[in-house]
Amino acid sequence: MKRFIPLLSILLTALTILSATTVNAQIPKLPTQWTDQAMKASLPFPEYPRPQLVRKDWLNLNGKWDYMGGKDVASAMDPAKPAELSGSDKILVPYCPESVISGIERKQEINMWYRRTFEVPSGWKDKDVIIHFDAVDHDATVFVNGQKAGKHAGGYDGFSFNISSLLKPGANTLVVAAYDPNDGRAPSGKNGPRGDYTYTSGIWQSVWLEPVSKTYIENIRLTPDVPNSRLKVTVKAAGGQVIAKVLDGKKSVSEVTGNASTEFYIPIKDAKLWSPDAPFLYDLKLSLRDNSGAVTDEVTSYFGMREVGLGKVNGVVRPLLNGKFLMQVGLLDQGYWPDGILTAPTDAGLKFDVEFTKRAGFNMIRKHMKTEPKRFYYWADKLGIMIWQDMPAIWYQNQDTAKVRTVFRKELKAVMDDNYNSPCITTWVPFNENWGAFDVKEITDWVKKYDPTRLVNGNSGFNNNPGYQKALGDPGNGDYVDTHIYIGPNDASKPDGKRAASLGEYGGIGLFVRGHMWPVENNAYGYEPTKTALSDRYVLLMDQVEQLMKYHGLSVAVYTQTTDVEHEINGLLTYDRAFEKMDVEKVRQVNQAVIQSGKALNDK
């Protein structure tokens with residue numbers, strides 16, 4: 001990895017981007033090593049977008065689209081017909097119009113209209129065609145050849161429509177209306193009116209097509225059952241039988257037959273368990289057959305066998321992975337980018353953050369206030385990083401409560417469903433620091449009941465609270481007693497006899513790195529003058545974390561944060577991912593020492 005990119009290199013990158021064939025001539029404020037590639041791409045994110053339900057045939061619709069947006073254009077909120085996009089700009093999908101990579105770089109468009117044409121491949125004859133949107137913020141209405149294909153509300157989960165009846169030979173016209181007021185009345189996290197950073201609106205993850213038979217595998221739900229040496233499987237389809245084969249490389253592990261839309265189990269004898277130390281993944285092949293025995297659909301997938309729970313270790317309640325305590329040493333990861341905002345510039349960039357976290361000796365990421373494309377979770381599954389998945393907050397939960405609270409509950413369920421199959425996700429976090437919080441105890445219980453295979457941290461950092469609302473505080477239920485201490489880690493929470501103790505955020509110490517900072521006033525919770533001093537300070541904090549773990553029952557410590565984010569300069573990496581602000585080897589050594597010290601507690 002390049003440890004440092006001098007200012008001259010940044011200027012040369014900007015000049016290269018200006019001279020290249022791009023959507024519009026935009027100059028990035030702070031380019032990453034992937035910015036140039038992304039802005040020049042004719043087909044961004046060419047990788048198959050859904051690693052846990054893979055078909056051979058698909059068509060990527062990312063790339064240049066016609067675009068029209070702004071407060072004064074036709075309303076994009078559930079329109080009856082597509083707007084005319086005459087004289088429109090060009091936008092690079094799937095980058096949001098607020099980002100430099102998109103070629104638009106305008107703030108809070110509210111009404112966004114997208115248009116492109118496509119042709120269905122000749123090999124898809126007699127197949128139904130599904131269009132997929134991996135994320136659109138917030139309300140999307142889709143038209144094909146002037147006819148409404150469907151609509152969806154929710155900025156953080158994917159959706160799809162069968163558009164077969166709307167297609168015609170030759171060129172087809174696709175129009176997407178996206179409406180996003182960013183008014184805090186729907187889940188938006190840091191990407192909202194009381195958030196800290198640049199908004200993201202409209203299409204911000206991949207758009208793609210795939211052909212299917214009339215009866216096909218619509219979705220799958222995979223639940224590892226380690227105590228009973230089996231995998232629970234549900235294959236959603238209109239009908240038929242499912243042949244399920246589990247593979248360890250090329251070696252067959254198990255094969256069973258089940259019915260579509262009905263739970264069945266696949267035995268996994270002597271299972272190889274998934275963990276950060278050994279992130280083993282089984283391959284899964286699913287074939288759907290009709291009553292005559294003909295195969296109507298085939299997909300490939302993967303899964304990890306792992307068990308998450310709570311238990312007592314030497315009388316202390318702790319989170320367990322596969323029956324053993326594993327100290328969770330994590331990073332707060334907000335997933336922001338100076339060039340793509342909520343969208344990584346490339347898949348390599350997406351992978352980079354996970355690889356860096358692993359290389360620095362961490363075993364957990366708290367994915368803070370956003371979701372990611374499916375490939376992010378694939379890299380975490382494959383590389384071996386546990387994920388705490390936050391639900392993006394709403395901001396005005398006490399206004400029009402019948403509507404906004406219903407929206408939050410609906411979208412929370414959608415986010416959980418969308419990411420259910422990823423073994424890396426070990427904890428759900430419905431609320432953070434009381435932001436947009438309501439009915440915390442009830443929602444924590446609901447999340448736990450809806451997905452009993454994972455732990456739940458109902459209100460991470462319940463000791464912190466925004467000044468504009470009354471603190472709801474500790475819900476008293478869920479699986480964690482979780483406080484945020486800046487700088488910390490002293491005064492971290494302690495287990496209460498039924499819940500484990502978590503330090504959901506701490507640290508936040510900054511280092512100024514000239515030439516690698518967002519062009520605003522930069523800040524942090526504390527500062528060190530040099531890389532060496534910051535590295536030594538981190539080692540000291542982790543030495544304190546180890547004391548809290550061994551003698552006060554602490555089980556989780558999440559340092560703020562992976563990278564700088566806009567005005568915040570408290571990352572292990574600069575915002576452009578070009579400079580390592582700590583000695584990564586020192587960080588890795590102390591992280592691993594604390595994790596190993598935690599493992600030793602299992603043997604006492």
# chains A, B, ... in the order shown; residues from 1 in each chain; ligands from 1
>>> residues_around(residues="range 288-300 of chain A", least_positions_apart="5", cutoff="7 Å", atoms="only C-alpha atoms", output="list in words")
Leu53, Val54, Arg55, Ser213, Thr215, Tyr216, Ile217, Gly240, Gln241, Val242 and Ile243 of chain A
>>> select_by_dssp(residues="range 126-369 of chain A", states="strand (DSSP E)", output="PyMOL selection string")
chain A and resi 128-133+136-137+139-144+147-153+159-162+171-179+202-203+207-212+219-225+230-236+241-248+251-259+264-267+282-289+295-303+308-313+316-321+324-325+328-333+364-367
>>> residues_around(residues="range 344-350 of chain A", least_positions_apart="2", cutoff="8 Å", atoms="only C-alpha atoms", output="count of residues only")
19
>>> closest_residue(among="A:Ser164, A:Asn523, A:Ser535, A:Ser206", to="Val587 in chain A", atoms="only C-alpha atoms")
A:Ser535
>>> residues_around(residues="Glu98 in chain A", least_positions_apart="4", cutoff="9 Å", atoms="only C-alpha atoms", output="ChimeraX atom specification")
/A:102-109,198-201,340-341
>>> write_last_selection(atoms="N, CA, C and O atoms", output="compact mmCIF listing (two decimals), in the first residue's frame")
# COMPACT_ATOMS: atom_id res chain seq x y z
N SER A 102 -19.91 11.31 -9.57
CA SER A 102 -21.14 11.27 -10.37
C SER A 102 -21.10 12.23 -11.55
O SER A 102 -21.81 12.04 -12.54
N GLY A 103 -20.27 13.28 -11.45
CA GLY A 103 -20.25 14.30 -12.47
C GLY A 103 -21.26 15.40 -12.26
O GLY A 103 -21.33 16.35 -13.04
N ILE A 104 -22.07 15.29 -11.20
CA ILE A 104 -23.10 16.28 -10.92
C ILE A 104 -22.65 17.20 -9.78
O ILE A 104 -22.61 18.42 -9.92
N GLU A 105 -22.36 16.61 -8.65
CA GLU A 105 -21.85 17.30 -7.46
C GLU A 105 -22.72 18.51 -7.07
O GLU A 105 -22.25 19.64 -7.02
N ARG A 106 -23.99 18.23 -6.85
CA ARG A 106 -24.90 19.26 -6.34
C ARG A 106 -25.54 18.76 -5.05
O ARG A 106 -25.73 17.56 -4.87
N LYS A 107 -25.92 19.66 -4.18
CA LYS A 107 -26.39 19.26 -2.86
C LYS A 107 -27.91 19.25 -2.77
O LYS A 107 -28.56 20.18 -3.22
N GLN A 108 -28.42 18.19 -2.18
CA GLN A 108 -29.84 18.04 -1.83
C GLN A 108 -30.75 18.40 -2.99
O GLN A 108 -31.47 19.39 -2.95
N GLU A 109 -30.74 17.56 -3.99
CA GLU A 109 -31.56 17.77 -5.16
C GLU A 109 -33.06 17.60 -4.88
O GLU A 109 -33.89 18.20 -5.51
N THR A 198 -21.86 15.28 4.39
CA THR A 198 -22.53 15.55 3.12
C THR A 198 -23.67 14.55 2.90
O THR A 198 -23.52 13.35 3.15
N TYR A 199 -24.78 15.06 2.41
CA TYR A 199 -25.92 14.20 2.11
C TYR A 199 -25.59 13.23 0.98
O TYR A 199 -24.74 13.49 0.14
N THR A 200 -26.35 12.13 0.95
CA THR A 200 -26.37 11.22 -0.20
C THR A 200 -27.83 11.00 -0.57
O THR A 200 -28.65 10.70 0.29
N SER A 201 -28.14 11.16 -1.84
CA SER A 201 -29.51 10.99 -2.32
C SER A 201 -29.52 10.13 -3.57
O SER A 201 -28.48 9.91 -4.20
N GLY A 340 -16.90 9.47 -3.29
CA GLY A 340 -18.20 8.84 -3.54
C GLY A 340 -19.20 9.01 -2.42
O GLY A 340 -20.34 8.55 -2.53
N ILE A 341 -18.81 9.64 -1.33
CA ILE A 341 -19.61 9.88 -0.12
C ILE A 341 -20.03 8.53 0.49
O ILE A 341 -19.20 7.87 1.09
>>> closest_atom_pairs(of="range 423-534 of chain A", to="range 405-418 of chain A", cutoff="9 Å", atoms="only C-alpha atoms", output="Markdown table")
| residue | atom | partner | partner_atom | distance |
| --- | --- | --- | --- | --- |
| A:Trp428 | CA | A:Met416 | CA | 8.3 |
| A:Pro430 | CA | A:Leu412 | CA | 7.6 |
| A:Phe438 | CA | A:Arg405 | CA | 8.0 |
| A:Ile443 | CA | A:Arg409 | CA | 8.3 |
| A:Val447 | CA | A:Lys413 | CA | 8.3 |
| A:Tyr450 | CA | A:Lys413 | CA | 8.7 |
| A:Asp451 | CA | A:Met416 | CA | 8.4 |
